[in-house]
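S.K.: data-v6.cif (mmCIF, C-alpha atoms and all ligand atoms) pasted underneath:
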```cif
data_data
#
loop_
_atom_site.label_atom_id
_atom_site.label_comp_id
_atom_site.auth_asym_id
_atom_site.auth_seq_id
_atom_site.Cartn_x
_atom_site.Cartn_y
_atom_site.Cartn_z
CA THR F 17 104.10 -265.96 22.41
CA PRO F 18 107.20 -265.25 24.46
CA TRP F 19 105.11 -264.32 27.48
CA LEU F 20 103.87 -267.90 28.04
CA PRO F 21 104.90 -269.16 31.48
CA ARG F 22 106.99 -272.24 32.13
CA PRO F 23 105.39 -274.53 34.77
CA GLU F 24 107.69 -273.20 37.48
CA GLU F 25 106.63 -269.62 36.63
CA LEU F 26 102.92 -270.28 37.01
CA GLU F 27 102.43 -268.40 40.28
CA GLY F 28 104.08 -265.28 38.93
CA PHE F 29 102.18 -265.50 35.68
CA VAL F 30 98.66 -265.77 37.17
CA LEU F 31 99.28 -262.76 39.44
CA ARG F 32 100.78 -260.56 36.70
CA PRO F 33 98.56 -258.29 34.60
CA ALA F 34 98.28 -259.44 30.99
CA PRO F 35 100.95 -257.91 28.74
CA PRO F 36 99.72 -254.60 27.25
CA GLY F 37 97.74 -255.07 24.06
CA VAL F 38 97.50 -258.83 24.51
CA THR F 39 94.23 -260.75 24.87
CA VAL F 40 95.01 -263.87 26.91
CA ARG F 41 92.61 -266.55 25.72
CA CYS F 42 91.54 -269.15 28.29
CA ARG F 43 88.86 -271.75 28.84
CA ILE F 44 87.09 -272.75 32.02
CA SER F 45 85.78 -276.30 32.21
CA ARG F 46 83.41 -277.33 34.97
CA ASP F 47 83.32 -280.85 36.36
CA ARG F 48 79.95 -281.59 37.93
CA LYS F 49 80.17 -285.38 37.71
CA GLY F 50 80.57 -287.27 40.94
CA VAL F 51 79.05 -287.36 44.38
CA ASP F 52 78.90 -283.78 45.60
CA LYS F 53 80.29 -282.08 42.54
CA GLY F 54 76.76 -281.10 41.58
CA VAL F 55 76.75 -278.56 44.39
CA PHE F 56 80.53 -278.17 44.67
CA PRO F 57 81.82 -278.61 41.12
CA PHE F 58 85.47 -278.27 40.21
CA TYR F 59 86.47 -275.50 37.81
CA TYR F 60 89.64 -275.80 35.73
CA LEU F 61 91.24 -272.87 33.94
CA HIS F 62 93.42 -273.55 30.91
CA LEU F 63 95.29 -271.08 28.72
CA GLU F 64 94.70 -271.65 25.01
CA ARG F 65 98.06 -271.68 23.25
CA ASP F 66 98.36 -270.53 19.62
CA ASP F 67 99.28 -274.06 18.61
CA GLY F 68 95.97 -275.30 20.03
CA ARG F 69 97.50 -276.95 23.07
CA LYS F 70 96.15 -276.11 26.50
CA LEU F 71 98.20 -275.00 29.48
CA PHE F 72 96.65 -275.65 32.90
CA LEU F 73 96.66 -272.49 35.02
CA MET F 74 94.39 -272.88 38.04
CA SER F 75 91.57 -274.85 39.61
CA GLY F 76 88.77 -273.58 41.80
CA ARG F 77 86.12 -275.03 44.02
CA LYS F 78 83.56 -273.70 46.48
CA ARG F 79 84.47 -274.65 50.04
CA LYS F 80 82.03 -276.65 52.14
CA LYS F 81 81.00 -275.59 55.62
CA SER F 82 81.63 -271.92 54.86
CA LYS F 83 79.21 -269.41 56.33
CA THR F 84 79.18 -267.54 53.01
CA SER F 85 80.36 -268.54 49.54
CA ASN F 86 84.07 -269.11 49.77
CA TYR F 87 85.90 -270.35 46.66
CA LEU F 88 89.42 -271.67 47.00
CA ILE F 89 91.74 -271.23 44.02
CA SER F 90 94.79 -273.44 43.52
CA LEU F 91 97.71 -273.79 41.11
CA ASP F 92 97.30 -277.54 41.49
CA PRO F 93 94.59 -279.43 39.55
CA ILE F 94 94.32 -282.09 42.23
CA ASP F 95 95.13 -280.52 45.58
CA LEU F 96 92.63 -277.77 46.38
CA SER F 97 93.13 -277.98 50.12
CA ARG F 98 93.43 -274.75 52.10
CA ASP F 99 96.89 -275.67 53.39
CA GLY F 100 98.03 -277.17 50.09
CA ASP F 101 101.12 -275.81 48.34
CA GLY F 102 99.00 -274.82 45.35
CA PHE F 103 96.71 -272.47 47.32
CA ILE F 104 96.97 -269.16 45.48
CA GLY F 105 93.83 -267.20 46.38
CA LYS F 106 90.22 -267.17 47.41
CA VAL F 107 86.93 -265.47 46.57
CA ARG F 108 84.76 -264.65 49.55
CA SER F 109 81.16 -263.44 49.35
CA ASN F 110 78.89 -261.56 51.73
CA VAL F 111 75.86 -263.25 53.20
CA LEU F 112 73.54 -262.35 50.32
CA GLY F 113 76.06 -263.43 47.71
CA THR F 114 75.90 -260.02 46.06
CA ARG F 115 79.40 -258.86 46.95
CA PHE F 116 82.64 -260.80 46.53
CA THR F 117 86.19 -260.00 47.54
CA VAL F 118 89.17 -261.66 45.86
CA PHE F 119 92.27 -262.30 47.98
CA ASP F 120 95.67 -263.78 47.24
CA ASN F 121 97.06 -266.47 49.55
CA GLY F 122 98.23 -264.09 52.27
CA THR F 123 96.98 -264.14 55.86
CA ASN F 124 93.66 -262.68 56.96
CA PRO F 125 94.64 -259.73 59.21
CA ASP F 126 91.70 -260.59 61.48
CA LYS F 127 92.84 -264.20 61.83
CA LYS F 128 92.13 -265.54 65.31
CA PRO F 129 93.78 -265.85 67.80
CA PHE F 130 96.59 -263.72 66.32
CA VAL F 131 98.53 -263.04 63.14
CA PRO F 132 102.25 -263.88 63.40
CA GLU F 133 104.48 -260.87 62.66
CA THR F 134 106.14 -262.72 59.78
CA ALA F 135 102.86 -263.69 58.11
CA PRO F 136 102.32 -261.71 54.87
CA ILE F 137 98.98 -259.91 55.05
CA ARG F 138 96.84 -260.92 52.12
CA GLN F 139 96.29 -258.61 49.15
CA GLU F 140 92.80 -257.63 48.08
CA LEU F 141 92.84 -258.14 44.33
CA ALA F 142 89.26 -257.32 43.42
CA ALA F 143 85.85 -256.44 44.77
CA ILE F 144 82.86 -257.55 42.73
CA CYS F 145 79.46 -256.09 43.40
CA TYR F 146 76.34 -257.47 41.78
CA GLU F 147 73.34 -255.20 41.63
CA THR F 148 70.50 -256.88 43.42
CA ASN F 149 68.11 -257.92 40.74
CA VAL F 150 65.29 -259.54 42.63
CA LEU F 151 63.55 -262.20 40.58
CA GLY F 152 65.58 -261.22 37.54
CA PHE F 153 63.02 -258.70 36.27
CA ARG F 154 65.71 -256.34 35.13
CA GLY F 155 67.40 -258.69 32.72
CA PRO F 156 71.04 -259.74 32.94
CA ARG F 157 72.87 -258.93 36.11
CA LYS F 158 74.84 -255.73 36.30
CA MET F 159 78.07 -255.78 38.18
CA THR F 160 80.79 -253.42 39.21
CA VAL F 161 84.33 -254.65 39.61
CA ILE F 162 86.96 -252.62 41.38
CA ILE F 163 90.58 -253.62 41.27
CA PRO F 164 93.75 -252.01 42.58
CA GLY F 165 95.09 -249.37 40.22
CA MET F 166 98.44 -249.49 38.45
CA ASN F 167 101.48 -247.42 39.39
CA THR F 168 103.60 -245.50 36.91
CA ASP F 169 105.63 -248.64 36.23
CA ASN F 170 102.41 -250.30 35.13
CA GLU F 171 102.45 -252.59 38.13
CA ARG F 172 99.40 -253.24 40.27
CA ILE F 173 99.50 -251.41 43.57
CA SER F 174 99.37 -253.67 46.59
CA ILE F 175 96.29 -253.31 48.79
CA ARG F 176 96.84 -255.15 52.05
CA PRO F 177 94.35 -253.43 54.32
CA LYS F 178 94.69 -254.16 58.01
CA ASN F 179 91.12 -253.10 58.50
CA VAL F 180 89.92 -250.85 55.65
CA ARG F 181 88.60 -253.12 52.92
CA LEU F 182 88.78 -252.56 49.19
CA LEU F 183 85.03 -252.66 49.28
CA GLY F 184 83.99 -250.63 52.31
CA ASN F 185 80.62 -251.21 53.95
CA THR F 186 79.34 -247.93 52.64
CA GLY F 187 80.55 -248.40 49.11
CA TRP F 188 83.94 -248.36 47.45
CA GLY F 189 86.89 -248.69 49.74
CA THR F 190 89.16 -245.81 50.59
CA ALA F 191 92.23 -247.94 50.20
CA GLY F 192 94.66 -245.26 49.13
CA GLY F 193 92.22 -243.97 46.55
CA LYS F 194 94.14 -245.80 43.86
CA LEU F 195 91.37 -247.92 42.52
CA ALA F 196 90.63 -248.85 38.97
CA VAL F 197 86.89 -248.90 38.97
CA LEU F 198 85.87 -251.02 36.04
CA GLY F 199 82.65 -249.15 36.11
CA ASN F 200 79.06 -250.17 36.15
CA LEU F 201 79.21 -253.09 33.87
CA SER F 202 76.61 -255.27 32.42
CA TRP F 203 77.06 -258.42 30.49
CA ASP F 204 76.28 -256.66 27.23
CA THR F 205 75.12 -258.99 24.56
CA ALA F 206 77.95 -259.45 22.15
CA VAL F 207 76.19 -262.08 20.10
CA GLY F 208 72.79 -263.64 20.35
CA LYS F 209 70.68 -263.46 23.42
CA ILE F 210 72.26 -263.28 26.79
CA THR F 211 71.18 -264.96 29.91
CA ALA F 212 72.99 -264.38 33.12
CA LEU F 213 75.51 -267.16 33.48
CA GLY F 214 73.70 -268.24 36.59
CA TYR F 215 71.03 -269.87 34.43
CA PRO F 216 72.81 -272.95 33.10
CA GLY F 217 71.42 -274.27 29.84
CA HIS F 218 69.53 -271.16 28.75
CA GLY F 219 71.29 -270.42 25.48
CA THR F 220 74.57 -268.72 24.97
CA ALA F 221 75.74 -266.08 27.34
CA VAL F 222 78.48 -264.01 25.86
CA GLY F 223 79.23 -261.14 28.11
CA LYS F 224 81.90 -258.56 27.97
CA LEU F 225 83.30 -256.63 30.86
CA THR F 226 84.37 -253.24 29.56
CA ARG F 227 86.27 -250.55 31.36
CA ALA F 228 84.02 -247.63 32.20
CA ARG F 229 86.13 -244.85 30.82
CA GLY F 230 87.54 -244.61 27.33
CA PRO F 231 86.57 -246.64 24.30
CA GLN F 232 84.98 -250.01 24.49
CA TYR F 233 88.11 -251.60 25.87
CA ILE F 234 87.21 -255.13 26.79
CA VAL F 235 89.09 -256.36 29.84
CA LEU F 236 87.20 -259.62 30.21
CA GLN F 237 85.14 -261.56 27.69
CA PHE F 238 83.35 -264.49 29.14
CA GLY F 239 80.80 -266.79 27.61
CA ARG F 240 79.42 -270.28 27.48
CA VAL F 241 80.45 -272.48 24.57
CA ALA F 242 79.12 -275.79 25.92
CA PRO F 243 77.09 -276.87 28.96
CA ASP F 244 80.25 -277.00 31.10
CA VAL F 245 82.77 -275.07 29.02
CA PHE F 246 83.25 -271.29 29.03
CA THR F 247 85.66 -268.95 27.27
CA MET F 248 87.51 -266.50 29.45
CA ASP F 249 89.56 -263.94 27.55
CA TYR F 250 91.20 -261.25 29.64
CA ARG F 251 93.39 -258.18 29.05
CA ALA F 252 95.41 -255.77 31.12
CA PRO F 253 94.99 -254.52 33.78
CA LEU F 254 93.54 -257.90 34.81
CA CYS F 255 95.68 -260.89 35.73
CA ALA F 256 94.50 -264.48 35.35
CA LEU F 257 93.66 -264.80 39.05
CA GLN F 258 91.41 -261.72 39.02
CA ALA F 259 89.68 -262.83 35.82
CA PHE F 260 89.16 -266.41 37.03
CA ALA F 261 87.85 -265.18 40.39
CA ILE F 262 85.37 -262.80 38.68
CA CYS F 263 84.08 -265.72 36.63
CA LEU F 264 83.82 -267.98 39.69
CA SER F 265 81.72 -265.31 41.43
CA SER F 266 79.48 -265.22 38.38
CA PHE F 267 78.91 -268.97 38.62
CA ASP F 268 77.88 -268.65 42.22
CA GLY F 269 74.13 -269.07 42.71
CA LYS F 270 72.94 -265.81 44.21
CA LEU F 271 69.88 -265.27 46.30
CA ALA F 272 69.27 -261.67 45.43
CA CYS F 273 70.35 -261.70 41.82
CA GLU F 274 68.29 -264.43 40.19
O1 LIG T 1 83.47 -271.87 60.72
C1 LIG T 1 83.73 -272.28 59.62
C2 LIG T 1 84.15 -273.67 59.28
O2 LIG T 1 83.88 -274.49 60.39
C3 LIG T 1 83.66 -271.38 58.46
O3 LIG T 1 83.62 -270.05 58.98
P1 LIG T 1 83.66 -268.91 57.91
O4 LIG T 1 83.17 -267.66 58.53
O5 LIG T 1 82.98 -269.35 56.66
O6 LIG T 1 85.22 -268.74 57.57
C4 LIG T 1 86.08 -268.47 58.62
C5 LIG T 1 86.90 -269.71 58.84
O7 LIG T 1 87.82 -269.47 59.88
C6 LIG T 1 87.69 -270.05 57.58
O8 LIG T 1 88.56 -271.15 57.85
C7 LIG T 1 88.55 -268.87 57.17
O9 LIG T 1 89.11 -269.12 55.88
P2 LIG T 1 90.61 -269.64 55.75
O10 LIG T 1 90.56 -271.08 56.19
O11 LIG T 1 90.91 -269.51 54.29
O12 LIG T 1 91.46 -268.78 56.61
C8 LIG T 1 87.71 -267.66 56.97
O13 LIG T 1 88.61 -266.61 56.68
P3 LIG T 1 88.25 -265.61 55.46
O14 LIG T 1 87.69 -266.47 54.36
O15 LIG T 1 87.24 -264.69 56.01
O16 LIG T 1 89.55 -264.99 55.13
C9 LIG T 1 86.93 -267.31 58.22
O17 LIG T 1 86.08 -266.21 57.90
#
```
Just give me the structure of the file as structure tokens.
M.R.:
Amino acid sequence: TPWLPRPEELEGFVLRPAPPGVTVRCRISRDRKGVDKGVFPFYYLHLERDDGRKLFLMSGRKRKKSKTSNYLISLDPIDLSRDGDGFIGKVRSNVLGTRFTVFDNGTNPDKKPFVPETAPIRQELAAICYETNVLGFRGPRKMTVIIPGMNTDNERISIRPKNVRLLGNTGWGTAGGKLAVLGNLSWDTAVGKITALGYPGHGTAVGKLTRARGPQYIVLQFGRVAPDVFTMDYRAPLCALQAFAICLSSFDGKLACE
């Protein structure tokens, strides 16, 4: 696997779409032991190498004192501080916890009191929208994920909106119209019964996120293999950061979706 990153290439690797035709196999482990880890567990993402060894990619944790769910993602397994060197991105939800936006580590254009000219404006890497499913009567949650499209060189376009958001208030953003809408997705049952991942302990949840158009092209396969261990296999056009952030949003307890 020539495409495996060396430690110093980690930042580039997690932001780069998976190589075409490759399924990048990862695992997420959740650490809920410890004082407040029950409510704010740590999530660790490891890449599964062919030789069985694991390569640490990123860690994630929900931030305290945030008005809405706000997960910080870091390249460092220990330092998940906002101003730490490992800070690579964040997942921010709306008040209801039904819509999430994934950012890289750039600056919020609305940052108060001002945004320095030299500060790189953050990229919006994904918008995740969960259909409200009050009281869970309609079975597993359906979600729509929109991500920036790819240019002719098969690179992700950069969406750094000053004000227009990838996920506009009225619906999908108008950010240059170059969006890859991953379609109305549901966690289809691949094997066995599925329960939305938000219900820990209720059997296996193996979901697959398939691209709306074209054949059943799975861009993200995600499922529980142990109480605190999940598989996360992703393919192009997703990068590891987008895939990990989508999974973190799925772990987030939602008011309107359970
Ligand atoms: O008041 C608060 C804590 O006392 C929390 O306020 P909250 O609305 O949740 O979050 C705001 C805080 O300034 C937070 O530090 C910012 O994240 P940053 O530190 O990553 O810049 C965040 O930027 P955003 O996430 O919207 O980009 C802001 O929206």
S.K.: Mind giving me the straight-line distance from atom CA of Ser97 of chain F to atom P2 of ligand LIG 1 (chain T) in Å, one decimal?
M.R.: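 Atom-to-atom, atom CA of Ser97 of chain F to atom P2 of ligand LIG 1 (chain T), that is 10.4 Å.
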S.K.: What are the closest atom pairs, with distances in Å to one decimal, for each residue of segment 42-132 of chain F lying within 8 Å of segment 244-266 of chain F, using all atoms listed in the file, rows by chain and rising residue number, as JSON lines?
M.R.:
```
{"residue": "F:Cys42", "atom": "CA", "partner": "F:Met248", "partner_atom": "CA", "distance": 5.0}
{"residue": "F:Arg43", "atom": "CA", "partner": "F:Thr247", "partner_atom": "CA", "distance": 4.5}
{"residue": "F:Ile44", "atom": "CA", "partner": "F:Phe246", "partner_atom": "CA", "distance": 5.1}
{"residue": "F:Ser45", "atom": "CA", "partner": "F:Val245", "partner_atom": "CA", "distance": 4.6}
{"residue": "F:Arg46", "atom": "CA", "partner": "F:Asp244", "partner_atom": "CA", "distance": 5.0}
{"residue": "F:Asp47", "atom": "CA", "partner": "F:Asp244", "partner_atom": "CA", "distance": 7.2}
{"residue": "F:Leu61", "atom": "CA", "partner": "F:Phe260", "partner_atom": "CA", "distance": 7.5}
{"residue": "F:Gly76", "atom": "CA", "partner": "F:Leu264", "partner_atom": "CA", "distance": 7.8}
{"residue": "F:Tyr87", "atom": "CA", "partner": "F:Leu264", "partner_atom": "CA", "distance": 7.7}
{"residue": "F:Gly105", "atom": "CA", "partner": "F:Leu257", "partner_atom": "CA", "distance": 7.7}
{"residue": "F:Lys106", "atom": "CA", "partner": "F:Ala261", "partner_atom": "CA", "distance": 7.7}
{"residue": "F:Val107", "atom": "CA", "partner": "F:Ala261", "partner_atom": "CA", "distance": 6.3}
{"residue": "F:Phe116", "atom": "CA", "partner": "F:Ser265", "partner_atom": "CA", "distance": 6.9}
{"residue": "F:Val118", "atom": "CA", "partner": "F:Ala261", "partner_atom": "CA", "distance": 6.6}
```
S.K.: Write out as a list in words each polymer residue whose atoms come within 7 Å of Ile144 of chain F, counting only C-alpha atoms; drop sequence neighbours fewer than 3 positions from it.
M.R.: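 Final neighbour list, sorted by chain and number: Arg115, Phe116, Thr117, Met159, Thr160, Val161 and Ile162 of chain F.
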S.K.: Around all of ligand LIG 1 (chain T)'s listed atoms, make the axis-aligned box with 6 Å on each side and tell me centre and edge lengths in Å to one decimal, as AutoDock Vina command-line options.
M.R.:
```
--center_x 87.2 --center_y -269.6 --center_z 57.5 --size_x 20.5 --size_y 21.8 --size_z 18.4
```
S.K.: Around ligand LIG 1 (chain T), which protein and nucleic acid residues have at least one atom no more than 9 Å from it, if we count only C-alpha atoms and all ligand atoms? List them as a list in words.
M.R.: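 Listed by chain and ascending number, the contacts are Arg79, Lys80, Lys81, Ser82, Lys83, Thr84, Ser85, Asn86, Tyr87, Leu88, Arg98, Asp99, Gly105, Lys106, Val107, Arg108, Ser109, Phe119, Asn121, Thr123, Asn124, Pro125, Asp126, Lys127, Lys128 and Arg138 of chain F.
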S.K.: For atom CA of Arg176 of chain F and atom CA of Ala135 of chain F, quote the distance in Å rounded to one decimal.
M.R.: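 Answer for the atom CA of Arg176 of chain F to atom CA of Ala135 of chain F separation: 12.1 Å.
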S.K.: Just to confirm, what's the straight-line distance from atom CA of Val241 of chain F to atom CA of Gly68 of chain F in Å (one decimal)?
M.R.: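 Atom CA of Gly68 of chain F lies 16.4 Å from atom CA of Val241 of chain F.
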S.K.: In terms of the shortest atom-to-atom distance over only C-alpha atoms, which of F:Ile137, F:Ile234, F:Gly122, F:Cys145 is closest to Asn110 of chain F?
M.R.: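 Answer, going by the shortest atom-to-atom distance: F:Cys145.
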S.K.: Looking at all atoms listed in the file, which of F:Pro36, F:Val30, F:Ser174, F:Asp92 is the one that sits closest to Tyr60 of chain F?
M.R.: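 The shortest atom-to-atom distance to Tyr60 of chain F comes from F:Asp92.
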S.K.: My list of candidates is F:Phe29, F:Pro129, F:Pro243, F:Asp268. Which is closest to Arg48 of chain F when distances are computed with only C-alpha atoms?
M.R.: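 Residue with the minimum atom-to-atom distance to Arg48 of chain F: F:Pro243.
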S.K.: Let me make sure I understand: among F:Pro93, F:Gly239, F:Pro177, F:Pro164, which one has the smallest atom-to-atom distance to Pro33 of chain F if we use all atoms listed in the file?
M.R.: F:Pro164
S.K.: Go through F:Phe130, F:Phe267, F:Tyr59, F:Trp19 and flag the residue nearest Val40 of chain F, using only C-alpha atoms for the distances.
M.R.: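 Smallest distance to Val40 of chain F is found for F:Trp19.
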S.K.: Looking at all atoms listed in the file, which of F:Arg240, F:Thr114, F:Val131, F:Val38 is the one that sits closest to Tyr146 of chain F?
M.R.: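 Ranking F:Arg240, F:Thr114, F:Val131, F:Val38 by distance to Tyr146 of chain F, first place goes to F:Thr114.
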S.K.: Got a sec: who's within 7 Å of Leu73 of chain F, counting only C-alpha atoms, leaving out chain neighbours fewer than 5 positions off, as a list in words?
M.R.: Leu26, Leu61, His62, Leu63 and Leu91 of chain F
S.K.: Mind filling out segment 37-47 of chain F with all heavy atoms and sending it as an mmCIF file, in the frame of the given file?
M.R.:
```cif
data_model
loop_
_atom_site.group_PDB
_atom_site.id
_atom_site.type_symbol
_atom_site.label_atom_id
_atom_site.label_comp_id
_atom_site.auth_asym_id
_atom_site.auth_seq_id
_atom_site.Cartn_x
_atom_site.Cartn_y
_atom_site.Cartn_z
ATOM 1 N N GLY F 37 98.131 -254.804 25.456
ATOM 2 C CA GLY F 37 97.740 -255.070 24.060
ATOM 3 C C GLY F 37 97.488 -256.534 23.759
ATOM 4 O O GLY F 37 97.110 -256.896 22.649
ATOM 5 N N VAL F 38 97.679 -257.390 24.783
ATOM 6 C CA VAL F 38 97.500 -258.830 24.510
ATOM 7 C C VAL F 38 96.157 -259.298 25.091
ATOM 8 O O VAL F 38 95.793 -258.927 26.203
ATOM 9 C CB VAL F 38 98.639 -259.639 25.190
ATOM 10 C CG1 VAL F 38 98.335 -261.136 25.168
ATOM 11 C CG2 VAL F 38 99.971 -259.335 24.524
ATOM 12 N N THR F 39 95.422 -260.081 24.327
ATOM 13 C CA THR F 39 94.230 -260.750 24.870
ATOM 14 C C THR F 39 94.644 -262.185 25.200
ATOM 15 O O THR F 39 95.055 -262.938 24.300
ATOM 16 C CB THR F 39 93.081 -260.779 23.841
ATOM 17 O OG1 THR F 39 92.708 -259.423 23.535
ATOM 18 C CG2 THR F 39 91.873 -261.526 24.412
ATOM 19 N N VAL F 40 94.621 -262.518 26.490
ATOM 20 C CA VAL F 40 95.010 -263.870 26.910
ATOM 21 C C VAL F 40 93.752 -264.741 26.820
ATOM 22 O O VAL F 40 92.742 -264.468 27.491
ATOM 23 C CB VAL F 40 95.569 -263.888 28.344
ATOM 24 C CG1 VAL F 40 96.027 -265.307 28.730
ATOM 25 C CG2 VAL F 40 96.751 -262.916 28.465
ATOM 26 N N ARG F 41 93.801 -265.734 25.956
ATOM 27 C CA ARG F 41 92.610 -266.550 25.720
ATOM 28 C C ARG F 41 92.667 -267.821 26.579
ATOM 29 O O ARG F 41 93.646 -268.553 26.547
ATOM 30 C CB ARG F 41 92.527 -266.942 24.231
ATOM 31 C CG ARG F 41 92.464 -265.735 23.327
ATOM 32 C CD ARG F 41 91.983 -266.007 21.922
ATOM 33 N NE ARG F 41 92.041 -264.772 21.125
ATOM 34 C CZ ARG F 41 91.201 -263.742 21.308
ATOM 35 N NH1 ARG F 41 90.238 -263.835 22.220
ATOM 36 N NH2 ARG F 41 91.321 -262.629 20.599
ATOM 37 N N CYS F 42 91.602 -267.996 27.377
ATOM 38 C CA CYS F 42 91.540 -269.150 28.290
ATOM 39 C C CYS F 42 90.191 -269.831 28.174
ATOM 40 O O CYS F 42 89.257 -269.289 27.573
ATOM 41 C CB CYS F 42 91.721 -268.690 29.743
ATOM 42 S SG CYS F 42 93.258 -267.822 30.070
ATOM 43 N N ARG F 43 90.127 -271.008 28.749
ATOM 44 C CA ARG F 43 88.860 -271.750 28.840
ATOM 45 C C ARG F 43 88.659 -272.213 30.269
ATOM 46 O O ARG F 43 89.621 -272.612 30.930
ATOM 47 C CB ARG F 43 88.916 -273.006 27.944
ATOM 48 C CG ARG F 43 88.845 -272.724 26.477
ATOM 49 C CD ARG F 43 87.556 -273.257 25.879
ATOM 50 N NE ARG F 43 87.321 -272.633 24.587
ATOM 51 C CZ ARG F 43 86.781 -273.258 23.550
ATOM 52 N NH1 ARG F 43 86.455 -274.542 23.667
ATOM 53 N NH2 ARG F 43 86.554 -272.621 22.423
ATOM 54 N N ILE F 44 87.429 -272.170 30.713
ATOM 55 C CA ILE F 44 87.090 -272.750 32.020
ATOM 56 C C ILE F 44 86.240 -273.983 31.745
ATOM 57 O O ILE F 44 85.263 -273.913 30.979
ATOM 58 C CB ILE F 44 86.274 -271.755 32.870
ATOM 59 C CG1 ILE F 44 87.100 -270.494 33.180
ATOM 60 C CG2 ILE F 44 85.830 -272.419 34.187
ATOM 61 C CD1 ILE F 44 86.309 -269.417 33.921
ATOM 62 N N SER F 45 86.631 -275.104 32.313
ATOM 63 C CA SER F 45 85.780 -276.300 32.210
ATOM 64 C C SER F 45 85.302 -276.652 33.616
ATOM 65 O O SER F 45 86.040 -276.530 34.596
ATOM 66 C CB SER F 45 86.557 -277.480 31.600
ATOM 67 O OG SER F 45 87.824 -277.588 32.215
ATOM 68 N N ARG F 46 84.036 -277.040 33.665
ATOM 69 C CA ARG F 46 83.410 -277.330 34.970
ATOM 70 C C ARG F 46 83.139 -278.832 35.054
ATOM 71 O O ARG F 46 82.593 -279.417 34.114
ATOM 72 C CB ARG F 46 82.101 -276.546 35.068
ATOM 73 C CG ARG F 46 81.271 -276.857 36.296
ATOM 74 C CD ARG F 46 80.093 -275.901 36.446
ATOM 75 N NE ARG F 46 79.267 -275.843 35.252
ATOM 76 C CZ ARG F 46 78.320 -274.914 35.062
ATOM 77 N NH1 ARG F 46 78.120 -273.978 35.974
ATOM 78 N NH2 ARG F 46 77.591 -274.895 33.960
ATOM 79 N N ASP F 47 83.533 -279.414 36.162
ATOM 80 C CA ASP F 47 83.320 -280.850 36.360
ATOM 81 C C ASP F 47 82.251 -281.034 37.437
ATOM 82 O O ASP F 47 82.508 -280.793 38.616
ATOM 83 C CB ASP F 47 84.648 -281.503 36.785
ATOM 84 C CG ASP F 47 84.441 -282.968 37.176
ATOM 85 O OD1 ASP F 47 83.318 -283.488 36.993
ATOM 86 O OD2 ASP F 47 85.399 -283.582 37.686
#
```
